[in-house]
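What follows is the content of final_9.cif, which has mmCIF, C-alpha atoms:
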data_structure
loop_
_atom_site.label_atom_id
_atom_site.label_comp_id
_atom_site.auth_asym_id
_atom_site.auth_seq_id
_atom_site.Cartn_x
_atom_site.Cartn_y
_atom_site.Cartn_z
CA MET V 1 114.09 101.38 143.66
CA LYS V 2 112.09 102.99 140.89
CA THR V 3 109.35 101.30 138.85
CA LEU V 4 108.71 101.19 135.12
CA LEU V 5 105.16 99.88 134.68
CA ILE V 6 104.02 98.56 131.31
CA LEU V 7 100.31 97.93 130.82
CA GLY V 8 99.84 95.31 128.12
CA ALA V 9 102.02 92.40 127.00
CA GLY V 10 100.99 92.26 123.37
CA THR V 11 103.38 93.13 120.56
CA ALA V 12 104.14 96.69 121.68
CA GLY V 13 104.42 96.06 125.41
CA THR V 14 106.59 92.98 124.96
CA ILE V 15 109.07 94.79 122.70
CA VAL V 16 109.35 97.70 125.14
CA ALA V 17 109.84 95.36 128.11
CA ASN V 18 112.66 93.54 126.31
CA LYS V 19 114.41 96.70 125.17
CA MET V 20 114.15 98.48 128.50
CA SER V 21 115.37 95.41 130.39
CA ARG V 22 118.64 95.74 128.47
CA ARG V 23 118.94 99.44 129.28
CA LEU V 24 117.88 99.79 132.91
CA ASP V 25 120.14 98.75 135.76
CA PRO V 26 118.20 96.16 137.85
CA ARG V 27 119.73 97.65 141.01
CA ASP V 28 117.88 100.90 140.34
CA TRP V 29 114.78 99.92 138.37
CA ARG V 30 112.16 97.22 138.56
CA ILE V 31 110.11 96.52 135.44
CA VAL V 32 106.52 95.34 135.92
CA VAL V 33 104.23 94.18 133.12
CA VAL V 34 100.48 93.77 133.67
CA ASP V 35 98.17 91.89 131.31
CA ARG V 36 94.96 89.98 131.87
CA GLU V 37 95.63 87.37 129.14
CA LYS V 38 98.30 84.69 129.59
CA ARG V 39 98.34 83.72 125.92
CA HIS V 40 100.14 85.69 123.23
CA PHE V 41 98.34 85.64 119.88
CA TYR V 42 100.10 86.15 116.57
CA GLN V 43 97.34 88.34 115.18
CA PRO V 44 98.52 88.45 111.52
CA GLY V 45 97.83 84.72 111.49
CA TYR V 46 94.10 85.24 112.05
CA LEU V 47 93.75 86.10 108.36
CA PHE V 48 94.88 82.62 107.29
CA ILE V 49 92.78 80.57 109.72
CA PRO V 50 89.42 80.88 107.87
CA PHE V 51 90.99 79.44 104.72
CA GLY V 52 92.72 76.53 106.45
CA GLN V 53 96.23 77.87 105.83
CA TYR V 54 97.03 78.15 109.55
CA SER V 55 95.68 76.06 112.38
CA PRO V 56 94.63 77.91 115.55
CA ALA V 57 97.51 76.25 117.43
CA GLN V 58 100.05 77.98 115.15
CA VAL V 59 99.16 81.47 116.38
CA VAL V 60 99.20 80.98 120.18
CA LYS V 61 102.09 80.80 122.67
CA PRO V 62 102.49 81.66 126.38
CA LYS V 63 103.22 85.34 126.96
CA ARG V 64 105.71 84.63 129.74
CA ASN V 65 107.98 82.92 127.20
CA PHE V 66 108.73 86.26 125.53
CA LEU V 67 109.43 88.43 128.56
CA PRO V 68 112.82 88.59 130.30
CA SER V 69 113.23 86.79 133.60
CA ARG V 70 113.98 90.05 135.43
CA VAL V 71 110.57 91.43 134.42
CA GLU V 72 107.79 90.96 136.97
CA VAL V 73 104.64 89.79 135.19
CA VAL V 74 101.21 90.18 136.77
CA PHE V 75 98.26 88.53 135.03
CA ASP V 76 95.26 90.58 136.13
CA ASP V 77 92.74 93.14 134.92
CA VAL V 78 93.56 96.80 135.44
CA GLU V 79 90.66 98.34 137.33
CA ILE V 80 91.73 101.99 137.16
CA ILE V 81 94.73 104.11 136.17
CA ASP V 82 95.32 107.20 138.30
CA PRO V 83 97.86 109.28 136.34
CA GLN V 84 97.60 112.25 138.71
CA ASN V 85 99.02 110.11 141.54
CA SER V 86 101.12 107.81 139.31
CA GLN V 87 99.44 104.61 140.45
CA VAL V 88 97.37 101.73 139.09
CA LYS V 89 94.70 99.66 140.85
CA LEU V 90 94.35 96.02 139.77
CA ALA V 91 91.08 94.12 139.91
CA GLY V 92 92.48 91.15 141.83
CA SER V 93 94.57 92.91 144.46
CA PRO V 94 93.87 95.51 147.15
CA GLU V 95 97.35 96.97 146.67
CA LYS V 96 98.15 99.66 144.13
CA ILE V 97 101.20 99.69 141.90
CA VAL V 98 102.98 103.03 142.18
CA TYR V 99 105.09 103.86 139.15
CA ASP V 100 107.74 106.38 138.18
CA GLN V 101 107.23 105.88 134.44
CA LEU V 102 104.20 104.29 132.76
CA VAL V 103 103.99 102.80 129.27
CA ILE V 104 100.45 102.22 128.00
CA ALA V 105 100.37 99.36 125.49
CA THR V 106 96.78 98.23 126.02
CA GLY V 107 95.99 97.96 122.29
CA CYS V 108 92.54 97.97 120.77
CA ASP V 109 89.82 95.41 120.12
CA ILE V 110 86.54 95.02 118.27
CA ASP V 111 83.27 96.15 119.87
CA PRO V 112 80.45 94.60 117.80
CA LYS V 113 77.79 95.83 120.24
CA GLU V 114 78.45 99.37 119.00
CA THR V 115 76.47 98.59 115.81
CA PRO V 116 72.75 97.87 116.29
CA GLY V 117 71.77 94.39 115.14
CA LEU V 118 75.28 93.08 114.60
CA VAL V 119 75.17 90.56 117.44
CA ASP V 120 71.41 89.97 117.40
CA GLY V 121 70.73 86.43 116.21
CA GLY V 122 73.30 86.01 113.46
CA TRP V 123 76.56 86.46 115.36
CA ARG V 124 78.87 83.51 114.62
CA LYS V 125 76.05 81.92 112.58
CA ASN V 126 76.00 83.89 109.35
CA ILE V 127 77.82 86.96 110.72
CA PHE V 128 81.49 86.55 111.60
CA ASP V 129 84.60 88.54 112.41
CA PHE V 130 88.16 87.40 111.78
CA TYR V 131 89.90 89.97 114.01
CA THR V 132 89.71 87.66 117.02
CA PHE V 133 91.01 84.15 117.61
CA GLU V 134 87.49 82.88 118.31
CA GLY V 135 85.97 84.65 115.30
CA ALA V 136 88.58 83.42 112.81
CA SER V 137 88.23 79.84 114.13
CA ALA V 138 84.42 79.93 113.90
CA LEU V 139 84.56 81.35 110.36
CA ALA V 140 86.93 78.59 109.28
CA ALA V 141 84.41 75.97 110.38
CA HIS V 142 81.58 77.79 108.58
CA LEU V 143 83.42 78.21 105.27
CA ARG V 144 84.23 74.51 105.02
CA ASN V 145 80.59 73.76 104.18
CA TRP V 146 79.27 77.08 102.88
CA PRO V 147 77.59 76.45 99.48
CA GLY V 148 78.03 79.97 98.14
CA GLY V 149 76.03 83.18 97.89
CA ARG V 150 76.63 86.85 98.53
CA LEU V 151 79.61 87.37 100.87
CA VAL V 152 79.96 90.93 102.10
CA MET V 153 83.03 92.27 103.86
CA SER V 154 81.90 95.25 105.93
CA ILE V 155 84.10 97.81 107.69
CA ALA V 156 81.97 99.56 110.29
CA GLU V 157 84.14 102.66 110.70
CA MET V 158 87.74 103.80 110.74
CA PRO V 159 90.29 103.54 112.28
CA ILE V 160 90.72 99.79 112.40
CA LYS V 161 93.56 97.48 113.27
CA CYS V 162 95.55 96.50 110.15
CA PRO V 163 93.59 98.52 107.56
CA VAL V 164 94.62 96.27 104.64
CA ALA V 165 93.36 93.05 106.29
CA PRO V 166 89.79 93.33 104.88
CA LEU V 167 91.24 93.54 101.36
CA GLU V 168 93.51 90.58 102.04
CA PHE V 169 90.53 88.58 103.25
CA LEU V 170 88.67 89.21 100.00
CA PHE V 171 91.70 88.37 97.84
CA LEU V 172 92.21 85.11 99.73
CA ALA V 173 88.48 84.37 99.57
CA ASP V 174 88.59 84.80 95.79
CA ALA V 175 91.42 82.25 95.57
CA PHE V 176 89.77 79.93 98.11
CA PHE V 177 86.51 79.69 96.16
CA ARG V 178 88.23 79.43 92.76
CA GLU V 179 90.33 76.52 93.96
CA ARG V 180 87.13 74.76 95.10
CA GLY V 181 85.22 75.46 91.90
CA LEU V 182 82.73 77.70 93.73
CA ARG V 183 83.72 81.16 92.53
CA ARG V 184 80.82 81.44 90.07
CA LYS V 185 78.44 80.80 92.96
CA VAL V 186 79.98 83.51 95.15
CA GLU V 187 79.65 87.29 94.97
CA LEU V 188 82.35 89.18 96.86
CA ILE V 189 81.55 92.73 98.01
CA LEU V 190 83.50 95.26 100.06
CA ALA V 191 81.34 97.82 101.88
CA THR V 192 83.70 100.47 103.22
CA PRO V 193 83.38 103.93 104.79
CA LEU V 194 86.42 105.01 102.75
CA THR V 195 86.10 106.67 99.35
CA GLY V 196 88.24 103.89 97.88
CA ALA V 197 90.12 100.71 98.71
CA PHE V 198 92.68 102.35 101.01
CA THR V 199 93.49 105.61 102.78
CA LYS V 200 96.52 106.56 100.64
CA PRO V 201 95.52 107.50 97.04
CA ILE V 202 98.38 105.81 95.14
CA ALA V 203 97.99 102.52 96.99
CA SER V 204 94.20 102.85 96.80
CA ALA V 205 94.34 103.08 93.00
CA ALA V 206 96.58 100.02 92.73
CA LEU V 207 94.40 97.99 95.08
CA ALA V 208 91.22 99.10 93.31
CA GLY V 209 92.63 97.70 90.08
CA LEU V 210 93.29 94.36 91.77
CA LEU V 211 89.77 94.24 93.21
CA GLN V 212 88.28 94.94 89.80
CA ARG V 213 90.39 92.28 88.05
CA LYS V 214 89.29 89.71 90.62
CA GLY V 215 85.62 90.60 90.23
CA ILE V 216 85.23 92.04 93.73
CA GLN V 217 82.67 94.83 93.97
CA VAL V 218 83.40 97.92 96.09
CA VAL V 219 80.65 99.95 97.76
CA PRO V 220 82.46 103.14 98.87
CA ASP V 221 81.41 105.80 101.40
CA PHE V 222 79.24 103.22 103.17
CA THR V 223 79.14 104.08 106.87
CA LEU V 224 77.36 101.24 108.63
CA SER V 225 74.43 102.26 110.82
CA GLU V 226 72.57 98.99 111.42
CA VAL V 227 72.43 95.29 110.53
CA ASP V 228 69.09 93.63 109.82
CA ASN V 229 69.91 89.94 109.95
CA ARG V 230 66.27 88.93 109.47
CA ARG V 231 66.34 90.44 105.98
CA GLY V 232 70.06 89.89 105.51
CA ALA V 233 70.91 93.54 104.89
CA LEU V 234 73.35 96.24 105.98
CA MET V 235 72.05 99.80 106.28
CA SER V 236 74.11 102.95 106.03
CA TYR V 237 73.47 106.36 107.57
CA ASP V 238 72.45 107.70 104.16
CA ASN V 239 69.76 104.99 103.86
CA ARG V 240 71.52 102.71 101.38
CA GLU V 241 71.30 98.94 101.77
CA VAL V 242 73.71 96.12 100.96
CA PRO V 243 72.16 92.62 101.09
CA PHE V 244 74.20 89.63 102.24
CA ASP V 245 74.01 85.88 102.72
CA LEU V 246 77.25 85.74 104.68
CA LEU V 247 78.59 88.81 106.46
CA VAL V 248 82.24 89.06 107.45
CA THR V 249 82.59 92.23 109.45
CA VAL V 250 85.25 94.44 110.95
CA PRO V 251 83.24 95.95 113.82
CA VAL V 252 84.03 99.27 115.47
CA ASN V 253 87.55 99.16 116.92
CA LYS V 254 88.08 100.75 120.33
CA GLY V 255 90.86 101.12 122.83
CA ALA V 256 90.83 99.33 126.18
CA GLU V 257 87.88 99.99 128.47
CA VAL V 258 90.20 100.89 131.35
CA ILE V 259 91.39 103.91 129.36
CA GLY V 260 87.82 105.19 129.22
CA ARG V 261 87.13 104.35 132.88
CA SER V 262 90.25 106.27 133.87
CA GLY V 263 89.32 109.37 131.90
CA MET V 264 92.46 109.09 129.80
CA GLY V 265 91.04 108.59 126.31
CA ASP V 266 88.93 110.06 123.54
CA GLU V 267 85.47 108.77 122.56
CA LEU V 268 87.07 105.55 121.25
CA ASN V 269 89.34 105.10 124.30
CA TYR V 270 92.55 106.07 122.53
CA VAL V 271 95.09 108.06 124.53
CA GLU V 272 95.97 111.54 123.25
CA THR V 273 99.64 111.14 122.30
CA ASP V 274 102.33 113.36 120.85
CA PRO V 275 102.71 111.82 117.38
CA HIS V 276 106.48 112.25 117.31
CA THR V 277 107.77 111.77 120.88
CA LEU V 278 105.06 109.22 121.82
CA ARG V 279 104.65 110.86 125.22
CA ALA V 280 101.09 111.30 126.48
CA LYS V 281 100.07 114.91 126.00
CA ARG V 282 98.52 115.32 129.45
CA TRP V 283 100.93 113.46 131.74
CA PRO V 284 104.73 113.89 131.65
CA ASN V 285 105.58 110.39 132.93
CA VAL V 286 103.14 108.49 130.69
CA TRP V 287 104.10 107.06 127.28
CA VAL V 288 101.86 105.41 124.72
CA ILE V 289 102.70 102.85 122.04
CA GLY V 290 100.93 100.78 119.41
CA ASP V 291 97.19 100.62 118.93
CA ALA V 292 96.46 102.44 122.21
CA ALA V 293 97.68 105.78 120.81
CA ASP V 294 95.52 108.24 118.86
CA VAL V 295 98.28 109.00 116.32
CA HIS V 296 97.29 109.02 112.66
CA THR V 297 99.09 106.02 111.28
CA ALA V 298 98.17 102.38 110.81
CA LYS V 299 97.33 100.28 113.86
CA ALA V 300 99.65 97.40 113.00
CA GLY V 301 102.48 95.32 114.39
CA SER V 302 105.04 96.98 112.12
CA VAL V 303 104.08 100.35 113.56
CA ALA V 304 104.48 99.06 117.13
CA HIS V 305 107.94 97.83 116.17
CA PHE V 306 108.98 101.17 114.68
CA MET V 307 107.42 103.10 117.56
CA ALA V 308 109.33 101.03 120.11
CA ASP V 309 112.75 102.26 119.00
CA ILE V 310 111.57 105.86 119.26
CA LEU V 311 109.77 105.48 122.58
CA VAL V 312 112.63 103.61 124.24
CA ASP V 313 115.18 106.25 123.20
CA ASN V 314 112.99 109.08 124.48
CA LEU V 315 112.00 107.30 127.68
CA PHE V 316 115.63 106.49 128.43
CA HIS V 317 116.51 110.14 127.79
CA GLU V 318 113.87 111.12 130.35
CA ILE V 319 115.00 108.52 132.90
CA ARG V 320 118.61 109.72 132.67
CA GLY V 321 117.43 113.23 133.43
CA ARG V 322 118.92 114.70 130.31
CA THR V 323 117.86 118.13 129.16
CA GLY V 324 117.13 119.41 125.69
CA PRO V 325 114.93 117.94 122.98
CA TYR V 326 114.17 114.25 122.84
CA PRO V 327 116.68 112.32 120.72
CA ALA V 328 114.19 110.47 118.51
CA SER V 329 111.10 111.40 116.52
CA PHE V 330 108.49 109.01 115.12
CA ASP V 331 107.51 109.75 111.51
CA GLY V 332 104.49 107.45 111.28
CA HIS V 333 106.43 104.70 109.51
CA ALA V 334 104.30 101.69 108.58
CA ASN V 335 104.65 98.81 106.19
CA CYS V 336 102.24 96.02 105.37
CA PHE V 337 102.27 92.86 103.32
CA ILE V 338 99.02 92.46 101.39
CA GLU V 339 98.19 88.89 100.42
CA THR V 340 96.58 88.85 96.97
CA GLY V 341 95.98 85.10 96.61
CA PHE V 342 97.57 82.24 94.68
CA GLY V 343 100.91 82.63 96.45
CA ARG V 344 101.43 86.30 95.69
CA ALA V 345 101.45 89.47 97.76
CA LEU V 346 102.07 93.21 97.65
CA LEU V 347 104.20 95.20 100.07
CA ILE V 348 103.55 98.86 100.92
CA ASP V 349 105.78 101.20 102.92
CA TYR V 350 104.72 104.70 103.99
CA SER V 351 104.62 107.30 106.78
CA TYR V 352 102.53 110.17 108.14
CA THR V 353 103.24 112.22 105.04
CA ALA V 354 104.64 109.78 102.47
CA GLU V 355 102.58 107.76 100.00
CA PRO V 356 103.35 104.08 99.33
CA LEU V 357 105.58 104.19 96.24
CA PRO V 358 107.29 101.65 93.97
CA GLY V 359 110.79 100.61 94.94
CA SER V 360 112.50 97.95 97.02
CA PHE V 361 112.54 97.00 100.71
CA PRO V 362 114.47 96.92 102.97
CA LEU V 363 117.42 97.89 100.74
CA ARG V 364 116.52 100.58 98.22
CA ARG V 365 118.55 99.04 95.38
CA PHE V 366 118.70 95.36 96.16
CA GLY V 367 115.42 94.68 97.92
CA PRO V 368 114.84 91.80 97.92
CA LEU V 369 111.15 92.71 98.33
CA PRO V 370 109.44 94.84 95.66
CA LEU V 371 107.17 97.65 96.82
CA LEU V 372 103.66 98.22 95.43
CA LYS V 373 104.02 95.19 93.16
CA GLU V 374 102.66 91.66 93.37
CA SER V 375 105.32 88.99 93.77
CA ARG V 376 105.91 85.55 95.20
CA ARG V 377 108.81 86.96 97.24
CA ASN V 378 106.38 89.20 99.11
CA HIS V 379 104.14 86.22 99.83
CA TRP V 380 107.05 84.22 101.22
CA GLY V 381 108.13 87.31 103.14
CA LYS V 382 104.75 87.40 104.85
CA LEU V 383 104.91 83.69 105.72
CA LEU V 384 108.49 84.04 106.95
CA PHE V 385 107.42 86.87 109.22
CA ARG V 386 105.76 84.47 111.66
CA PRO V 387 109.04 82.94 112.98
CA ILE V 388 110.67 86.38 112.74
CA TYR V 389 107.87 87.74 114.92
CA TRP V 390 108.39 85.16 117.66
CA HIS V 391 112.20 85.11 117.65
CA LEU V 392 113.31 88.62 116.61
CA LEU V 393 110.50 91.17 116.75
CA LEU V 394 109.11 90.39 120.21
CA PRO V 395 112.59 90.23 121.80
CA GLY V 396 113.25 93.68 120.31
CA ARG V 397 116.10 92.55 118.05
CA LEU V 398 114.67 93.09 114.56
CA PRO V 399 117.33 95.26 112.86
CA PHE V 400 115.14 97.30 110.49
CA PRO V 401 115.49 101.08 111.05
CA PRO V 402 112.41 102.81 112.48
CA HIS V 403 112.26 105.70 110.03
CA TYR V 404 110.64 105.73 106.61
CA ARG V 405 113.14 105.69 103.75
CA PRO V 406 111.81 107.14 100.49
CA PRO V 407 112.58 104.99 97.43
CA GLY V 408 115.76 106.21 95.78
CA ARG V 409 117.24 107.77 98.91
CA SER V 410 119.36 106.50 101.74
CA ALA V 411 118.39 107.01 105.34
CA ARG V 412 120.35 107.08 108.56
CA ARG V 413 119.07 105.33 111.65
CA THR V 414 118.89 107.88 114.46
CA SER V 415 117.74 105.49 117.17
CA ARG V 416 120.67 104.41 119.29
CA SER V 417 121.49 100.78 119.93
CA ASP V 418 120.42 99.19 123.15
CA SER V 419 122.88 99.59 126.01
CA ALA V 420 122.64 99.11 129.75
CA ALA V 421 122.37 102.12 132.01
CA LYS V 422 125.10 102.17 134.58
#
Transcribe the structure of this file into structure tokens.
Amino acid sequence: MKTLLILGAGTAGTIVANKMSRRLDPRDWRIVVVDREKRHFYQPGYLFIPFGQYSPAQVVKPKRNFLPSRVEVVFDDVEIIDPQNSQVKLAGSPEKIVYDQLVIATGCDIDPKETPGLVDGGWRKNIFDFYTFEGASALAAHLRNWPGGRLVMSIAEMPIKCPVAPLEFLFLADAFFRERGLRRKVELILATPLTGAFTKPIASAALAGLLQRKGIQVVPDFTLSEVDNRRGALMSYDNREVPFDLLVTVPVNKGAEVIGRSGMGDELNYVETDPHTLRAKRWPNVWVIGDAADVHTAKAGSVAHFMADILVDNLFHEIRGRTGPYPASFDGHANCFIETGFGRALLIDYSYTAEPLPGSFPLRRFGPLPLLKESRRNHWGKLLFRPIYWHLLLPGRLPFPPHYRPPGRSARRTSRSDSAAK
């Protein structure tokens, strides 16, 4: 009996577990998933919690509910990964799990202690994050009675999970304060290390126009060095300051600590990964998916979904012992809804090399969702995604093709359909 071990039961790990359970013969392969957290969080919902649009209960479900019964689930911390000997040591067990193939889906998380002063005194008092369940819930309570002032959204450094989320937060904050008659009492500022609103120039220009129309100031090229909560100021490495009354921050994002402890990651604990095959560059039986990989595309749920089709095809090719090139290649495909407030949203679709462009998604002629254009359909698409996430995406049955399709062209899905290995 051989073992496929999956570290992490978030979005990426859950999709892979579901897809591989349909492909691998249970007489030959056991599938083991390890995760320290029993709850599955719908992370796109964190954005809506501060503004009272989602309750915390709407974004949490048991992880075991979304994993097949044949999958062995172990809730424990991973103490160390030993890729040279193909084994993993858990914190709560003296035994080691020996694997034949390993999928790393350990994700990434915020590390506010990386920035001096960020958690000194003001943390969860007048300094908040919304990238965690606890942070979004605490910010919701604070905003209910906040009288107004200078609200700064600060991105410490890139890369971050869901790079459009800080912009969405500001757009929703603009609507939130206007609806409460407080907008004239609130300044909204984005302090970002980027040269503009986004990493891709065409989308950045469109989003910059939206920020300007909504009266949201952008402070570009601002790389955060320190927070002085006593004076209420952010400092950058080039000695600029941005004052604040309320700071909403996206702290430094890092991969899982176990990746660093195991000597498998870069300085931010991301695993060096082939950007197209999704195989770890240093170990032939290790695969990496989602936010844990160092590939240069967005760290987002849509990317994990698109990656999963590619990784599963290539892993299955390896398991079957087939020769020749891998059958699937990841092109960096990502798409993101961008809430713009008042029941409207944008949708962008892009890849490693392609800019977000106008058009329609998922069908190039019929949509129904317009690309790079505000619409109510995009807003409802984002809200509809929550039940789709639970019932189609996590089970690995969302039918969208994994490859980027340029507007005006057709594309063929090269990832094969799931089938059991006999």
- Given the file above and the PyMOL selection byres ((chain V and resi 351) around 9), which residues are selected, and can you give them as a ChimeraX atom specification? /V:297,331-335,349-350,352-356,403-404
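Nearest-residue note for V:Phe41: choosing from V:Thr132, V:Ser55, V:Ser329, V:Thr3, the minimum distance belongs to V:Thr132, counting all atoms listed in the file.
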Mind running stretch 185-239 of chain V against stretch 94-115 of chain V at 8 Å and telling me each contacting residue's nearest atom pair with the distance in Å (one decimal), counting all atoms listed in the file, chain and number ascending, as CSV?
residue,atom,partner,partner_atom,distance
V:Leu224,CA,V:Thr115,CA,7.7
V:Ser225,CA,V:Thr115,CA,6.5
V:Glu226,CA,V:Thr115,CA,5.9
V:Val227,CA,V:Thr115,CA,7.4
- Message: Starting from the PyMOL selection byres ((chain V and resi 240) around 12), expand the selection into actual residues of this file and give them as a PyMOL selection string.
- Response: chain V and resi 191+219-227+233-239+241-243
- Item | Result set, the PyMOL selection byres ((chain V and resi 30) around 8) on current file, as an MDAnalysis selection string | chainID V and resid 1:4 26:29 31:32 71:72
- Task: Report the distance between atom CA of V:Thr249 and atom CA of V:Leu182 in Å, rounded to one decimal place.
- Result: 21.4 Å
- Query: Any idea what the distance is between atom CA of V:Cys162 and atom CA of V:Tyr131?
  - Reply: 9.5 Å
- Item | atom CA of V:Pro163 to atom CA of V:Trp287, straight-line distance in Å | 23.9 Å
Around stretch 380-390 of chain V, with edges along x, y and z and 8 Å added on all six sides, what centre and edge lengths do you get, in Å to one decimal, as JSON?
{"center_x": 107.7, "center_y": 85.3, "center_z": 109.4, "size_x": 21.9, "size_y": 20.8, "size_z": 32.4}
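Using all atoms listed in the file for every distance, the candidate list V:Val73, V:Ile388, V:Ala57, V:Leu372 yields V:Leu372 as the residue closest to V:Ala205.
Using all atoms listed in the file, the residues found no farther than 9 Å from V:Tyr42, other than those of its own chain fewer than 6 positions away, are Thr11, Gln58, Val59, Val60, Lys61, Arg386, Tyr389 and Trp390 of chain V.
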- What lies within 12 Å of V:Pro368 using only C-alpha atoms, ignoring chain neighbours under 4 positions off, as a list in words? Leu347, Gly359, Ser360, Phe361, Pro362, Leu363, Arg364, Ser375, Arg376, Arg377, Asn378, Trp380 and Gly381 of chain V
Name the residues in contact with stretch 252-261 of chain V at a cut-off of 8 Å, using only C-alpha atoms, excluding same-chain residues fewer than 3 positions from it; report them as a short mmCIF file (atom, residue, chain, number, x, y, z; two decimals) with C-alpha atoms, in the frame of the given file.
data_model
loop_
_atom_site.label_atom_id
_atom_site.label_comp_id
_atom_site.auth_asym_id
_atom_site.auth_seq_id
_atom_site.Cartn_x
_atom_site.Cartn_y
_atom_site.Cartn_z
CA VAL V 78 93.56 96.80 135.44
CA GLU V 79 90.66 98.34 137.33
CA ILE V 80 91.73 101.99 137.16
CA ILE V 81 94.73 104.11 136.17
CA THR V 106 96.78 98.23 126.02
CA GLY V 107 95.99 97.96 122.29
CA CYS V 108 92.54 97.97 120.77
CA ASP V 109 89.82 95.41 120.12
CA ILE V 110 86.54 95.02 118.27
CA ASP V 111 83.27 96.15 119.87
CA PRO V 112 80.45 94.60 117.80
CA GLU V 114 78.45 99.37 119.00
CA THR V 115 76.47 98.59 115.81
CA ILE V 155 84.10 97.81 107.69
CA ALA V 156 81.97 99.56 110.29
CA GLU V 157 84.14 102.66 110.70
CA MET V 158 87.74 103.80 110.74
CA PRO V 159 90.29 103.54 112.28
CA ILE V 160 90.72 99.79 112.40
CA LYS V 161 93.56 97.48 113.27
CA MET V 264 92.46 109.09 129.80
CA GLY V 265 91.04 108.59 126.31
CA ASP V 266 88.93 110.06 123.54
CA GLU V 267 85.47 108.77 122.56
CA LEU V 268 87.07 105.55 121.25
CA ASN V 269 89.34 105.10 124.30
CA TYR V 270 92.55 106.07 122.53
CA VAL V 271 95.09 108.06 124.53
CA ASP V 291 97.19 100.62 118.93
CA ALA V 292 96.46 102.44 122.21
#
- V:Arg279 surroundings by only C-alpha atoms, 12 Å radius, close-in-sequence under 4 positions cut, as a PyMOL selection string: chain V and resi 101-104+271-275+283-289+293-295+307+310-315+318+326+328-330
Next, dump the selected residues to file, keeping only C-alpha atoms, as a PDB file, in the frame of the given file.
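For reference, result.pdb as written:
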ATOM      1  CA  GLN V 101     107.230 105.880 134.440  1.00  0.00           C
ATOM      2  CA  LEU V 102     104.200 104.290 132.760  1.00  0.00           C
ATOM      3  CA  VAL V 103     103.990 102.800 129.270  1.00  0.00           C
ATOM      4  CA  ILE V 104     100.450 102.220 128.000  1.00  0.00           C
ATOM      5  CA  VAL V 271      95.090 108.060 124.530  1.00  0.00           C
ATOM      6  CA  GLU V 272      95.970 111.540 123.250  1.00  0.00           C
ATOM      7  CA  THR V 273      99.640 111.140 122.300  1.00  0.00           C
ATOM      8  CA  ASP V 274     102.330 113.360 120.850  1.00  0.00           C
ATOM      9  CA  PRO V 275     102.710 111.820 117.380  1.00  0.00           C
ATOM     10  CA  TRP V 283     100.930 113.460 131.740  1.00  0.00           C
ATOM     11  CA  PRO V 284     104.730 113.890 131.650  1.00  0.00           C
ATOM     12  CA  ASN V 285     105.580 110.390 132.930  1.00  0.00           C
ATOM     13  CA  VAL V 286     103.140 108.490 130.690  1.00  0.00           C
ATOM     14  CA  TRP V 287     104.100 107.060 127.280  1.00  0.00           C
ATOM     15  CA  VAL V 288     101.860 105.410 124.720  1.00  0.00           C
ATOM     16  CA  ILE V 289     102.700 102.850 122.040  1.00  0.00           C
ATOM     17  CA  ALA V 293      97.680 105.780 120.810  1.00  0.00           C
ATOM     18  CA  ASP V 294      95.520 108.240 118.860  1.00  0.00           C
ATOM     19  CA  VAL V 295      98.280 109.000 116.320  1.00  0.00           C
ATOM     20  CA  MET V 307     107.420 103.100 117.560  1.00  0.00           C
ATOM     21  CA  ILE V 310     111.570 105.860 119.260  1.00  0.00           C
ATOM     22  CA  LEU V 311     109.770 105.480 122.580  1.00  0.00           C
ATOM     23  CA  VAL V 312     112.630 103.610 124.240  1.00  0.00           C
ATOM     24  CA  ASP V 313     115.180 106.250 123.200  1.00  0.00           C
ATOM     25  CA  ASN V 314     112.990 109.080 124.480  1.00  0.00           C
ATOM     26  CA  LEU V 315     112.000 107.300 127.680  1.00  0.00           C
ATOM     27  CA  GLU V 318     113.870 111.120 130.350  1.00  0.00           C
ATOM     28  CA  TYR V 326     114.170 114.250 122.840  1.00  0.00           C
ATOM     29  CA  ALA V 328     114.190 110.470 118.510  1.00  0.00           C
ATOM     30  CA  SER V 329     111.100 111.400 116.520  1.00  0.00           C
ATOM     31  CA  PHE V 330     108.490 109.010 115.120  1.00  0.00           C
TER      32      PHE V 330
END
- Item | Test item: residues at most 10 Å from V:Gly121, all atoms listed in the file, excluding those fewer than 3 positions along its chain, as a list in words | Gly117, Leu118, Arg124, Lys125, Asn126, Ile127, Asp228, Asn229 and Arg230 of chain V
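Among the candidate residues V:Ala298, V:Leu393, V:Leu346, V:Leu167, the one lying nearest to V:Pro370 is V:Leu346, with distances computed using all atoms listed in the file.
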- Out of V:Pro402, V:Pro116, V:Pro358, V:Gly321, which residue has the shortest atom-to-atom distance to V:Ala304 when counting only C-alpha atoms? V:Pro402
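Among the candidates V:Asp129, V:Glu37, V:Asp245, V:Glu168, the residue lying nearest to V:Glu187 is V:Asp245 (atoms considered: all atoms listed in the file).
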- Note on the structure: Among V:Leu211, V:Asp309, V:Val164, V:Ile49, V:Pro399 is approached most closely, using all atoms listed in the file, by V:Asp309
